[in-house]
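A.B. asks: Data file structure08.pdb (PDB, C-alpha atoms, pLDDT in the B column) is appended below.
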```pdb
ATOM      1  CA  MET A 131       7.904  -0.623  29.898  1.00 35.00           C
ATOM      2  CA  THR A 132       9.479  -3.905  28.779  1.00 34.00           C
ATOM      3  CA  ARG A 133       6.168  -4.947  27.225  1.00 35.00           C
ATOM      4  CA  SER A 134       6.057  -1.915  24.875  1.00 38.00           C
ATOM      5  CA  VAL A 135       9.727  -2.263  23.913  1.00 34.00           C
ATOM      6  CA  ASP A 136       9.200  -5.938  23.115  1.00 39.00           C
ATOM      7  CA  ARG A 137       6.057  -5.132  21.101  1.00 39.00           C
ATOM      8  CA  ARG A 138       7.832  -2.341  19.185  1.00 38.00           C
ATOM      9  CA  GLN A 139      10.714  -4.637  18.394  1.00 39.00           C
ATOM     10  CA  ALA A 140       8.293  -7.366  17.336  1.00 39.00           C
ATOM     11  CA  LEU A 141       6.319  -4.937  15.165  1.00 38.00           C
ATOM     12  CA  GLY A 142       9.516  -3.645  13.539  1.00 41.00           C
ATOM     13  CA  ALA A 143      10.649  -7.213  12.854  1.00 37.00           C
ATOM     14  CA  ALA A 144       7.183  -8.026  11.509  1.00 40.00           C
ATOM     15  CA  GLY A 145       7.421  -5.025   9.176  1.00 40.00           C
ATOM     16  CA  ILE A 146      10.749  -6.154   7.790  1.00 37.00           C
ATOM     17  CA  THR A 147       9.429  -9.703   7.446  1.00 35.00           C
ATOM     18  CA  ALA A 148       6.242  -8.529   5.697  1.00 39.00           C
ATOM     19  CA  LEU A 149       8.183  -6.372   3.263  1.00 39.00           C
ATOM     20  CA  GLY A 150      10.509  -9.285   2.478  1.00 39.00           C
ATOM     21  CA  ALA A 151       7.570 -11.642   2.057  1.00 38.00           C
ATOM     22  CA  ALA A 152       5.784  -9.206  -0.247  1.00 39.00           C
ATOM     23  CA  MET A 153       8.890  -8.858  -2.379  1.00 38.00           C
ATOM     24  CA  ALA A 154       9.615 -12.604  -2.492  1.00 38.00           C
ATOM     25  CA  THR A 155       6.124 -14.028  -3.026  1.00 39.00           C
ATOM     26  CA  ALA A 156       5.516 -15.427  -6.495  1.00 39.00           C
ATOM     27  CA  PRO A 157       2.152 -15.036  -8.238  1.00 43.00           C
ATOM     28  CA  PRO A 158      -0.434 -17.505  -6.885  1.00 43.00           C
ATOM     29  CA  ALA A 159      -0.349 -20.996  -8.360  1.00 40.00           C
ATOM     30  CA  SER A 160      -3.893 -20.423  -9.656  1.00 43.00           C
ATOM     31  CA  ALA A 161      -2.742 -17.479 -11.808  1.00 44.00           C
ATOM     32  CA  SER A 162      -3.076 -18.185 -15.513  1.00 45.00           C
ATOM     33  CA  ARG A 163      -0.171 -17.723 -17.925  1.00 42.00           C
ATOM     34  CA  GLU A 164      -1.964 -14.647 -19.303  1.00 46.00           C
ATOM     35  CA  ALA A 165      -2.350 -13.121 -15.841  1.00 49.00           C
ATOM     36  CA  THR A 166       1.288 -13.868 -15.003  1.00 54.00           C
ATOM     37  CA  GLY A 167       2.356 -12.193 -18.269  1.00 61.00           C
ATOM     38  CA  GLU A 168       0.156  -9.218 -17.359  1.00 65.00           C
ATOM     39  CA  LEU A 169       2.160  -8.853 -14.124  1.00 69.00           C
ATOM     40  CA  LEU A 170       5.251  -8.262 -16.255  1.00 73.00           C
ATOM     41  CA  THR A 171       3.776  -6.071 -19.026  1.00 77.00           C
ATOM     42  CA  SER A 172       0.731  -4.303 -17.558  1.00 86.00           C
ATOM     43  CA  PRO A 173       0.270  -0.599 -18.365  1.00 90.00           C
ATOM     44  CA  LEU A 174      -0.171  -0.179 -14.591  1.00 93.00           C
ATOM     45  CA  ILE A 175       3.554  -0.818 -14.076  1.00 92.00           C
ATOM     46  CA  GLY A 176       5.321   2.411 -13.227  1.00 92.00           C
ATOM     47  CA  THR A 177       5.214   5.305 -10.785  1.00 94.00           C
ATOM     48  CA  TRP A 178       2.112   7.326  -9.970  1.00 96.00           C
ATOM     49  CA  ARG A 179       1.516  10.614  -8.124  1.00 96.00           C
ATOM     50  CA  ALA A 180      -1.570   9.916  -6.001  1.00 96.00           C
ATOM     51  CA  THR A 181      -4.080  11.637  -3.773  1.00 96.00           C
ATOM     52  CA  VAL A 182      -5.413   9.291  -1.093  1.00 94.00           C
ATOM     53  CA  SER A 183      -8.770  10.361   0.359  1.00 94.00           C
ATOM     54  CA  LEU A 184     -10.519   8.936   3.384  1.00 88.00           C
ATOM     55  CA  GLU A 185     -13.402  10.493   5.281  1.00 85.00           C
ATOM     56  CA  ASN A 186     -12.392  14.154   5.817  1.00 84.00           C
ATOM     57  CA  GLU A 187      -8.684  13.875   5.083  1.00 87.00           C
ATOM     58  CA  GLN A 188      -6.379  13.660   2.088  1.00 91.00           C
ATOM     59  CA  GLU A 189      -2.697  12.912   1.698  1.00 89.00           C
ATOM     60  CA  ALA A 190      -0.288  13.013  -1.212  1.00 93.00           C
ATOM     61  CA  ALA A 191       1.513   9.768  -2.060  1.00 94.00           C
ATOM     62  CA  ILE A 192       3.780   8.130  -4.587  1.00 94.00           C
ATOM     63  CA  PHE A 193       2.653   4.651  -5.705  1.00 95.00           C
ATOM     64  CA  THR A 194       4.873   2.250  -7.613  1.00 94.00           C
ATOM     65  CA  PHE A 195       3.516  -0.864  -9.289  1.00 95.00           C
ATOM     66  CA  HIS A 196       6.537  -3.080  -9.983  1.00 93.00           C
ATOM     67  CA  PRO A 197       6.725  -5.929 -12.522  1.00 92.00           C
ATOM     68  CA  GLY A 198       5.834  -9.271 -10.975  1.00 92.00           C
ATOM     69  CA  GLY A 199       3.040  -7.938  -8.755  1.00 95.00           C
ATOM     70  CA  ILE A 200       4.984  -5.935  -6.137  1.00 95.00           C
ATOM     71  CA  PHE A 201       3.445  -2.678  -4.858  1.00 96.00           C
ATOM     72  CA  THR A 202       5.193   0.028  -2.795  1.00 95.00           C
ATOM     73  CA  SER A 203       4.120   3.485  -1.703  1.00 94.00           C
ATOM     74  CA  ALA A 204       5.351   6.459   0.260  1.00 90.00           C
ATOM     75  CA  ALA A 205       2.940   9.097   1.565  1.00 86.00           C
ATOM     76  CA  GLU A 206       3.082  12.322   3.543  1.00 79.00           C
ATOM     77  CA  GLY A 207       4.785  11.934   6.885  1.00 71.00           C
ATOM     78  CA  ILE A 208       6.385   8.564   7.474  1.00 68.00           C
ATOM     79  CA  HIS A 209       3.947   6.301   5.607  1.00 78.00           C
ATOM     80  CA  ILE A 210       5.849   3.570   3.791  1.00 86.00           C
ATOM     81  CA  ALA A 211       3.782   0.618   2.567  1.00 92.00           C
ATOM     82  CA  ALA A 212       4.402  -2.642   0.731  1.00 95.00           C
ATOM     83  CA  GLY A 213       1.947  -4.995  -0.889  1.00 96.00           C
ATOM     84  CA  ARG A 214       0.887  -6.983  -3.947  1.00 97.00           C
ATOM     85  CA  TRP A 215      -1.083  -6.129  -7.081  1.00 96.00           C
ATOM     86  CA  ALA A 216      -2.708  -8.171  -9.859  1.00 96.00           C
ATOM     87  CA  ALA A 217      -4.480  -7.398 -13.116  1.00 93.00           C
ATOM     88  CA  THR A 218      -8.161  -8.410 -12.965  1.00 94.00           C
ATOM     89  CA  GLY A 219      -9.041  -7.439 -16.536  1.00 91.00           C
ATOM     90  CA  HIS A 220      -7.752  -5.403 -19.482  1.00 86.00           C
ATOM     91  CA  ASN A 221      -7.935  -2.057 -17.606  1.00 92.00           C
ATOM     92  CA  THR A 222      -8.763  -3.229 -14.090  1.00 95.00           C
ATOM     93  CA  PHE A 223      -6.607  -4.329 -11.176  1.00 97.00           C
ATOM     94  CA  ALA A 224      -6.566  -5.053  -7.454  1.00 97.00           C
ATOM     95  CA  TYR A 225      -3.913  -4.359  -4.834  1.00 97.00           C
ATOM     96  CA  SER A 226      -3.375  -4.688  -1.115  1.00 96.00           C
ATOM     97  CA  LEU A 227      -0.937  -2.959   1.195  1.00 94.00           C
ATOM     98  CA  TRP A 228       0.464  -3.116   4.705  1.00 92.00           C
ATOM     99  CA  GLN A 229       2.263  -0.372   6.624  1.00 87.00           C
ATOM    100  CA  ILE A 230       3.390   0.313  10.155  1.00 80.00           C
ATOM    101  CA  LEU A 231       1.424   3.115  11.840  1.00 73.00           C
ATOM    102  CA  PRO A 232       3.869   5.448  13.648  1.00 65.00           C
ATOM    103  CA  SER A 233       2.796   7.561  16.616  1.00 63.00           C
ATOM    104  CA  ASP A 234       3.978  10.765  14.887  1.00 59.00           C
ATOM    105  CA  LEU A 235       2.639  10.950  11.342  1.00 58.00           C
ATOM    106  CA  SER A 236       4.681  14.009  10.359  1.00 59.00           C
ATOM    107  CA  GLY A 237       8.108  13.276  11.823  1.00 57.00           C
ATOM    108  CA  LEU A 238      10.465  10.412  12.423  1.00 57.00           C
ATOM    109  CA  PRO A 239       8.683   7.669  14.335  1.00 56.00           C
ATOM    110  CA  HIS A 240       9.831   7.249  17.921  1.00 62.00           C
ATOM    111  CA  ARG A 241       7.325   4.500  18.585  1.00 66.00           C
ATOM    112  CA  TYR A 242       4.654   2.587  16.718  1.00 72.00           C
ATOM    113  CA  LEU A 243       0.948   2.430  17.459  1.00 75.00           C
ATOM    114  CA  GLY A 244       0.029  -0.446  15.154  1.00 84.00           C
ATOM    115  CA  GLU A 245      -0.481  -0.971  11.445  1.00 88.00           C
ATOM    116  CA  VAL A 246      -2.640  -0.071   8.473  1.00 89.00           C
ATOM    117  CA  GLN A 247      -4.027  -2.627   6.021  1.00 93.00           C
ATOM    118  CA  ALA A 248      -5.978  -1.876   2.849  1.00 94.00           C
ATOM    119  CA  MET A 249      -7.409  -3.764  -0.121  1.00 96.00           C
ATOM    120  CA  HIS A 250      -8.396  -1.900  -3.318  1.00 97.00           C
ATOM    121  CA  THR A 251      -9.868  -2.498  -6.733  1.00 97.00           C
ATOM    122  CA  GLY A 252      -9.175  -0.011  -9.482  1.00 97.00           C
ATOM    123  CA  ARG A 253      -9.438   1.089 -13.075  1.00 97.00           C
ATOM    124  CA  LEU A 254      -6.816   2.371 -15.479  1.00 95.00           C
ATOM    125  CA  ASP A 255      -7.644   5.038 -18.092  1.00 95.00           C
ATOM    126  CA  GLY A 256      -4.483   5.988 -19.984  1.00 92.00           C
ATOM    127  CA  ASP A 257      -2.189   7.835 -17.563  1.00 94.00           C
ATOM    128  CA  THR A 258      -4.860   8.071 -14.861  1.00 97.00           C
ATOM    129  CA  MET A 259      -5.750   5.388 -12.331  1.00 97.00           C
ATOM    130  CA  THR A 260      -8.481   5.360  -9.744  1.00 98.00           C
ATOM    131  CA  SER A 261      -9.175   2.881  -6.998  1.00 98.00           C
ATOM    132  CA  GLN A 262     -11.420   2.366  -4.026  1.00 97.00           C
ATOM    133  CA  GLY A 263     -11.011   0.065  -1.094  1.00 97.00           C
ATOM    134  CA  ILE A 264     -11.361  -0.565   2.596  1.00 96.00           C
ATOM    135  CA  GLY A 265      -8.626   0.611   4.948  1.00 94.00           C
ATOM    136  CA  ARG A 266      -8.183  -0.594   8.523  1.00 94.00           C
ATOM    137  CA  GLN A 267      -6.087   0.785  11.375  1.00 91.00           C
ATOM    138  CA  ILE A 268      -5.078  -1.868  13.890  1.00 92.00           C
ATOM    139  CA  ASP A 269      -3.449  -1.119  17.242  1.00 88.00           C
ATOM    140  CA  ILE A 270      -0.293  -2.778  18.526  1.00 84.00           C
ATOM    141  CA  ASP A 271      -2.424  -5.380  20.367  1.00 87.00           C
ATOM    142  CA  GLY A 272      -4.326  -6.368  17.193  1.00 89.00           C
ATOM    143  CA  ASN A 273      -7.558  -4.439  17.901  1.00 93.00           C
ATOM    144  CA  GLU A 274      -9.216  -2.652  15.006  1.00 95.00           C
ATOM    145  CA  LEU A 275      -9.265   1.091  15.744  1.00 90.00           C
ATOM    146  CA  ARG A 276     -10.805   2.415  12.544  1.00 91.00           C
ATOM    147  CA  ARG A 277     -12.206   1.133   9.257  1.00 95.00           C
ATOM    148  CA  GLY A 278     -13.286   3.178   6.272  1.00 95.00           C
ATOM    149  CA  ILE A 279     -13.557   3.582   2.546  1.00 96.00           C
ATOM    150  CA  VAL A 280     -10.405   4.924   0.881  1.00 95.00           C
ATOM    151  CA  HIS A 281     -10.369   6.537  -2.581  1.00 97.00           C
ATOM    152  CA  VAL A 282      -7.245   7.031  -4.698  1.00 97.00           C
ATOM    153  CA  ARG A 283      -6.787   9.112  -7.837  1.00 98.00           C
ATOM    154  CA  ALA A 284      -3.346   9.048  -9.434  1.00 97.00           C
ATOM    155  CA  THR A 285      -1.494  10.251 -12.512  1.00 97.00           C
ATOM    156  CA  ARG A 286       1.502   8.526 -14.038  1.00 95.00           C
ATOM    157  CA  PHE A 287       4.714  10.526 -13.945  1.00 88.00           C
ATOM    158  CA  GLY A 288       8.195  10.238 -15.381  1.00 72.00           C
ATOM    159  CA  ILE A 289      10.090   7.769 -13.196  1.00 62.00           C
ATOM    160  CA  HIS A 290      10.655   4.652 -15.274  1.00 61.00           C
ATOM    161  CA  LEU A 291      11.428   1.331 -13.671  1.00 56.00           C
ATOM    162  CA  PHE A 292      14.485  -0.690 -14.562  1.00 55.00           C
TER
END
```
Mind turning the file's structure into C-alpha cells?
C.D. replies:
Amino acid sequence: MTRSVDRRQALGAAGITALGAAMATAPPASASREATGELLTSPLIGTWRATVSLENEQEAAIFTFHPGGIFTSAAEGIHIAAGRWAATGHNTFAYSLWQILPSDLSGLPHRYLGEVQAMHTGRLDGDTMTSQGIGRQIDIDGNELRRGIVHVRATRFGIHLF
C-alpha cells in the first residue's frame, strides 16, 4: 500500500514538475532567429477544437498553441496535457505532449496508472490543422503498455490569447 501511495505522490509531483518545465523552457539554443520569431507570430498560435483519433477510438479536445512554443490541451474525461511546439516550415509544425493517465478516464482521478507521451508533425491550412504522431501509454513502473499512431484534425475557434 505504501508503495502505491509513494508512486502516486511521485507521479503527481513529476506532473507538476513537467508542466513547470514545459512552461519555463526557452527555445533550443540551436533555434534560428527566424524560428524563434515564428514561435511568437506563427498562425498556429491560438485555440483549436480537435478530434483525436487512435485505432478504434476518438475523443474531443481543445488544443492551445501559446506564443513561445508552449502547448496545452484538455480532452474528454480528465486528460490535461502540456508540451512544446515548434514551426518546421511556413505551414508545418511539430509538437510533443505529456499527460498523467488517470485510472478513471471519465471522472475525477482517484489514482494514476501512468502517463501518456506523444510526438506529432502537422500541417496548417488556414483555420484547419492536421497532425499525425506516435502516442505511448506508460504504466506507473515505466513499462510501455500501448503504442500507436494518433491522428488529429482541428479547427481554430474564437478564444484569443492575451
A.B. asks: Pick out the closest residue to Ala284 in chain A from this set: A:Thr222, A:Ser261, A:Leu231, A:Ser203. Count all atoms listed in the file.
C.D. replies: A:Ser261
A.B. asks: Using only C-alpha atoms, which of the listed residues (A:Gly265, A:Gly256, A:Gly207, A:Gly272) sits closest to Leu243 in chain A?
C.D. replies: A:Gly272
A.B. asks: Just give me the gap between CA of Gln229 in chain A and CA of Met249 in chain A in Å, one decimal is fine.
C.D. replies: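 One can read the CA of Gln229 in chain A to CA of Met249 in chain A distance as 12.3 Å.
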A.B. asks: Can you give me, as a list in words, the residues this file yields under the PyMOL selection byres ((chain A and resi 253) around 12)?
C.D. replies: Pro173, Leu174, Ala216, Ala217, Thr218, Gly219, His220, Asn221, Thr222, Phe223, Ala224, Tyr225, His250, Thr251, Gly252, Leu254, Asp255, Gly256, Asp257, Thr258, Met259, Thr260, Ser261, Gln262, His281, Val282, Arg283 and Ala284 of chain A
A.B. asks: Would you list the contacts of Ser226 in chain A as a ChimeraX atom specification, taking every protein, DNA or RNA residue within 10 Å and counting all atoms listed in the file, but skipping same-chain residues closer than 4 positions in sequence?
C.D. replies: /A:200-202,211-216,247-251,263-265
A.B. asks: Could you give me, as a VMD selection string, the residues within 7 Å of Gly244 in chain A, counting only C-alpha atoms and dropping anything in the same chain fewer than 2 positions from it?
C.D. replies: chain A and resid 230 to 231 242 268 to 270
A.B. asks: How about saving the chosen residues, C-alpha atoms kept, as a tab-separated table (two decimals), in the frame of the given file?
C.D. replies:
```tsv
chain	number	residue	atom	x	y	z
A	230	ILE	CA	3.39	0.31	10.15
A	231	LEU	CA	1.42	3.12	11.84
A	242	TYR	CA	4.65	2.59	16.72
A	268	ILE	CA	-5.08	-1.87	13.89
A	269	ASP	CA	-3.45	-1.12	17.24
A	270	ILE	CA	-0.29	-2.78	18.53
```
